[in-house]
Amino acid sequence: MTKSITTADLRRYAVARTLFAPTTLAKAITRLGFVQADPIRAPARAQDLTLRHRVKGYCAGDLERRYAALDIEEDFFVNYGFLPRATQALMHPRTPKTALTAARRKQMDAVLAFVQAHDVVHPRAVDAHFGHGKSRNWFGGSSNASTQLLDDMHYRGLLRIAGRVSGVRTYAVRAAPDEAPDPQQAMDALVDVIVHKYAPLPERSLGELISHLRGGTPQWAHLRGGALARAKVRLAHGVVDGQTYYWSATENPASRHHTPDDAVRLLAPFDPLVWDRRRFEHLWAWAYRFEAYTPAAKRVRGYYALPLLWRDQVIGWGNVSVTGGQMHADLGFVAGKPPRDAAFGPSLEAELARLRAFLSLAPASDDAHVPSFEIARCTPIAA
């Protein structure tokens with residue numbers, strides 16, 4: 001089905017569909033379908049920065065603190081992150097391209113028995129018991145062989161992430177599934193998760209994301225082409241500025257209900273609204289890049305620049321840090337200066353107040369000017 005839509009329609013639709021009304025943590029993860037993880041904390045991890053806009057009263061670290069009580073898993077999807085347990089089950093049993101040697105299989109069997117005997121294990125406990133030593137990691141350095149072995153067992157579906165201790169993953173045995181999913185049906189369902197999270201998607205981006213499923217479902221790499229072809233048939237689509245976009249057939253990008261609010265939001269670098277850099281440049285006409293791994297002298301926006309959304313326009317970025325219990329925000333604007341709209345200043349103050357609350361920092365003097373109902377005060381949830 002082809003719809004006549006404009007770039008402005010796509011912008012409003014993209015913002016409205018992903019920045020839904022804040023809800024519970026469990027419901028937000030279910031609605032998003034997948035939350036990308038990143039270990040950098042500037043001023044908080046990407047998963048927390050993503051969830052704070054979508055969960056009522058969310059505090060930095062709540063996902064980690066509540067993980068064990070939620071029906072979710074850590075795993076690789078199109079990249080690494082958190083997803084509902086039912087979605088993870090669609091990707092297993094996973095068969096990596098690298099076959100196990102007899103010696104590696106023997107190591108895994110021994111570690112699996114050790115984990116079964118202890119319920120939940122820390123990598124240090126495995127290393128102390130087996131003394132696997134050091135091993136070369138994928139980026140050329142050296143790391144504990146036990147940690148690499150546990151990671152491999154997790155990827156293969158033998159273990160699951162039970163939780164984290166001071167940021168370090170702990171492991172438990174993953175229960176074997178009752179039955180394996182139908183490959184074609186599972187691939188179609190996983191593609192639907194992609195579309196639900198990242199739509200509206202340029203045709204090329206849709207293809208690339210389905211290609212990324214080779215990480216989550218290496219055993220079905222040969223099925224990706226068919227999954228893409230079927231997706232193009234069942235999804236709605238439209239052509240804007242010469243680009244074909246895809247979205248769910250049940251949604252209407254041109255709906256008048258996609259009216260942006262007067263909110264300012266600092267988004268995570270991997271927020272679904274800005275994740276697709278191709279779409280970003282089309283909808284907002286400037287290039288945003290994640291520069292944490294770019295040499296400092298070559299950075300344009302900053303180490304961990306957070307895209308700055310105002311209504312339905314991404315107008316700049318912010319680098320946020322915390323020093324001595326005080327939050328500092330260094331903002332930049334594509335136009336070189338902030339909007340002249342009188343509503344922008346108070347909306348920006350409200351966003352910075354929400355960010356301080358999310359980080360469990362003391363309110364700043366400016367927060368006194370922000371109506372209390374605009375700040376969702378958070379109370380960190382006990383582990």
# chains A, B, ... in the order shown; residues from 1 in each chain; ligands from 1

call {"tool": "residues_around", "arguments": {"residues": "A:Pro181", "least_positions_apart": "4", "cutoff": "9 Å", "atoms": "only C-alpha atoms", "output": "CSV table (one decimal) with N, CA and C atoms, in the first residue's frame"}}
result
chain,number,residue,atom,x,y,z
A,89,ALA,N,13.7,-16.0,22.8
A,89,ALA,CA,13.5,-17.5,22.5
A,89,ALA,C,13.4,-17.7,21.0
A,90,LEU,N,13.0,-16.7,20.2
A,90,LEU,CA,12.9,-16.9,18.8
A,90,LEU,C,14.2,-17.1,18.1
A,91,MET,N,15.3,-16.7,18.8
A,91,MET,CA,16.6,-16.8,18.2
A,91,MET,C,17.4,-18.0,18.6
A,92,HIS,N,16.8,-18.9,19.4
A,92,HIS,CA,17.5,-20.1,19.9
A,92,HIS,C,16.7,-21.3,19.6
A,93,PRO,N,17.4,-22.5,19.5
A,93,PRO,CA,18.8,-22.7,19.7
A,93,PRO,C,19.7,-22.0,18.6
A,185,GLN,N,8.9,-18.4,10.4
A,185,GLN,CA,8.0,-17.6,11.3
A,185,GLN,C,8.8,-16.8,12.3
A,186,ALA,N,9.9,-17.4,12.8
A,186,ALA,CA,10.7,-16.6,13.7
A,186,ALA,C,11.4,-15.4,13.1

call {"tool": "residues_around", "arguments": {"residues": "stretch 277-286 of chain A", "least_positions_apart": "6", "cutoff": "9 Å", "atoms": "only C-alpha atoms", "output": "ChimeraX atom specification"}}
result
/A:7-8,10-11,200-202,204-205,241,313-315,334

call {"tool": "closest_residue", "arguments": {"among": "A:Arg356, A:Thr98, A:Lys197, A:Asp127", "to": "A:Leu32", "atoms": "only C-alpha atoms"}}
result
A:Lys197

call {"tool": "residues_around", "arguments": {"residues": "A:Thr259", "least_positions_apart": "3", "cutoff": "8 Å", "atoms": "only C-alpha atoms", "output": "ChimeraX atom specification"}}
result
/A:12,16,256

call {"tool": "write_last_selection", "arguments": {"atoms": "N, CA, C and O atoms", "output": "CSV table (one decimal), in the first residue's frame"}}
result
chain,number,residue,atom,x,y,z
A,12,ARG,N,7.2,14.0,12.3
A,12,ARG,CA,6.2,14.0,13.3
A,12,ARG,C,5.8,12.5,13.7
A,12,ARG,O,5.7,12.2,14.9
A,16,ALA,N,6.4,10.8,17.4
A,16,ALA,CA,5.2,10.5,18.1
A,16,ALA,C,5.2,9.0,18.4
A,16,ALA,O,4.8,8.6,19.5
A,256,ARG,N,-3.1,13.3,11.7
A,256,ARG,CA,-3.0,14.6,12.4
A,256,ARG,C,-2.8,14.4,13.9
A,256,ARG,O,-2.6,15.3,14.6

call {"tool": "closest_residue", "arguments": {"among": "A:Gly324, A:Pro339, A:Gln36, A:Arg41", "to": "A:Ala305", "atoms": "only C-alpha atoms"}}
result
A:Arg41
